[in-house]
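Only one structure is covered here, and it is reproduced in the block below.
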Amino acid sequence: MPKLTIDGKTLEVAKGTTVLEAAQQLGVHVPRYCYHPKLSVSGNCRMCLVEVEKSPKLLTACSTEAAEGMVVHTATEKVKAARRDVLEYLLLNHPLDCPVCDQAGECGLQDYYMEHSRAKSRFPAEDKVRRQKRRPLGPHLVLDNERCILCTRCVRFCAEVTKTAELEVMERGDRSFIDLKEGRALDNGYSLNIADVCPVGAWTSRDFRFKQRVWFLKKTPTVCLGCATGCLTEVHHNEGAIYRVMPRPNAETNTWLCDAGRMVYKAVQAGDRLAKGVIKNGLIELEPALRETASRIDENHAAAAVLGSPWLSVEDNAALARLAKDALKTENFSFDFNAEQGIKDGILINKDPAPNAAGARRVKAACGGLSFGELAAKVASGAVKVLVTEARAAALLKNELKAGGARLIVFAANRSEIPQGAYATLPYANYFETPGTFVNFQGLERRTVPAVAAPEGVRPLWAMVNRLAVYSGTSLHLDSAEAALKGIL
Amino acid sequence: MISVKKVDNRPLNWLERIYLPEIARGLAVTLRHFFVNLFNPKGMPTVQYPEQQLELPHAAKTRTRHRLKLRADNSPKCVACFMCQTACPAYCIRIEAAEYPDNAVEKYPAVFDIDLARCVMCGMCVEACPEDAIAMDTLEIPGGEQDRARLKLTKEDLLRNLPGEPSVVGAANRLANEYLKSKGGA
């Protein structure tokens, strides 16, 4: 356990800790471009130079291991001059693209320039090295070689995290540039992380391109519902529209976020978003739709069934359980989902595409109910006349529904989710718009935080269930999400 | 330092105190102006804004109606960087960015609206612009409409060059000029 002194403060760190990480533990920020906590150390940007006593030259903090008795200074005149000079060097050929560049506002070059340099360029703009700009690479990214400072974070990300190694530094010296290897495509399913790790505007997202300046964005911490991994994410939104989803690094699940998970938000703003009820194929107002649905359920009171959904939050599943037990007074309900779970590709993507199978099982543990197989058999045999469920969960019983001919009543957020043959569809606010608890494959409870408002008139699913019960003559007293959760978590 | 001016208020004399002669004297001034203007309306200094507008001297250092400058190929110099929208204290600018398929500058404003009903004519947008694309030098004083909607300037209303332009100041203009050169333009 080496003991070292940084800027007059002494601390003891684990063996193998670098000076940069030790400084971070003390709350001293050493500027860096090529260093990334989850990538290997490269030491090429030279931004993290610090002064170490008894060392004749400045050392890179990111690649220098902390040693016993080391005395480090991170704010001496010598270090400041080095930072200024390194920045001048990095900015030598950097184009004056800031007004056009999407990175502006969260750009490492802008930030450190304002903090450490503020020097006027001594290099005439005409003499700057020109490179290829605006190269669309892969389905999600644009590369601008002129803005690149060759920190190689992207190269290391592809080599070490996705292990696909599509990117490489071509040529040498001042001719070097980042490029795709011959015959490769940048479609590894995690490519948008490259835009995140890029400290400058060389890699930018095509989806986010020119949509919004970053300083307008508000950030809401929430959970990804793309699969059972349940990564922590951050939704960036402004004036009721979501613009992008970024990972929120945490020790339990994720540092990164897959491309598919980043695109989940698209459904919220899709044109087929449901704000009204659907009976057969016709849109009708919400109230008549609820009344109609309630009377169809009442018709077959004894033969009604409820299937929970691994795509719904624990609250909403619990509300469905209350609907079955207290309003319909039936035993035909199931919250039993046993899809195989586990990381599929060694990085993040889960074998189970539904985010909350574990949460639905908790509802089962609290409320009981049939196993999925038993309910499926009842539906197939025709013993169930009305089935209430969520749109994507209904797809799990597709064949049984066809065989048994039960009337299908689903909750759906988007029109494209509605399964074929659904009798009635009721809208609900999805989890970018309403809070919900999800249990990921590790059993961690995670709560979504609403970032935007639901379309007018659309309420969370538990509130819709409450209304439905009122129309069929029972009050479930579901006044809040907490009321639905009572006795379950 | 506060400067103090001593005012020596003379007490009113007897004529002033009985009030009526002073009323007559004041009315005489008013009536003189009334009849002079009635028979010689051209001598009146009043401008009937907005029907009438004074032509401002060309060197006037005033902030007047905005315009967006143009490049040599009549594309807007604006690159939709949102600096003016960010700086605007009255939230009167609305921009939507779009992408050129071929131009070297990549980005341009598909929508650029200025709501003059909200604008406070502070000139922050001009200060903030890194491309020298917006100016408030048209010497037109906006306002005096009966309908708020008519005070909304769209991109088409704003795009205008003054004689003797286009200018070449601004960061993205290096790329723009290169692009124009490659197309054989100015």
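A note on labels: chains of the structure tokens are A, B, ... as shown, every chain counts residues from 1, and ligands are counted from 1 in their shown order.
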Exercise. Which chain A residues are at most 10 Å from chain B (counting only C-alpha atoms), as a list in words?
Worked result: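 That gives Pro95, Leu96, Asp97, Cys98, Pro99, Val100, Cys101, Asp102, Ala104, Ala125, Glu126, Lys133, Arg134, Arg209, Phe210, Lys211, Gln212, Arg213, Trp215 and Phe216 of chain A for chain A.
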Problem set entry | For region 396-406 of chain A: contacts at 12 Å, only C-alpha atoms, fewer than 3 positions along chain excluded, given as a ChimeraX atom specification | /A:296-297,300,303-311,336-339,354,372-393,409,419-423
For this session: Would you kindly return, as a ChimeraX atom specification, each protein, DNA or RNA residue with an atom no farther than 10 Å from any atom of Cys45 (chain A), considering only C-alpha atoms and excluding same-chain residues fewer than 5 positions away?
Result: /A:32-35,60,86-87,89-90,149-152
For this session: Report as a PyMOL selection string: the residues of region 289-457 of chain A with a DSSP assignment of alpha helix (DSSP H), based on the backbone of this structure.
Result: chain A and resi 289-299+314-322+357-367+372-381+391-394+398-404
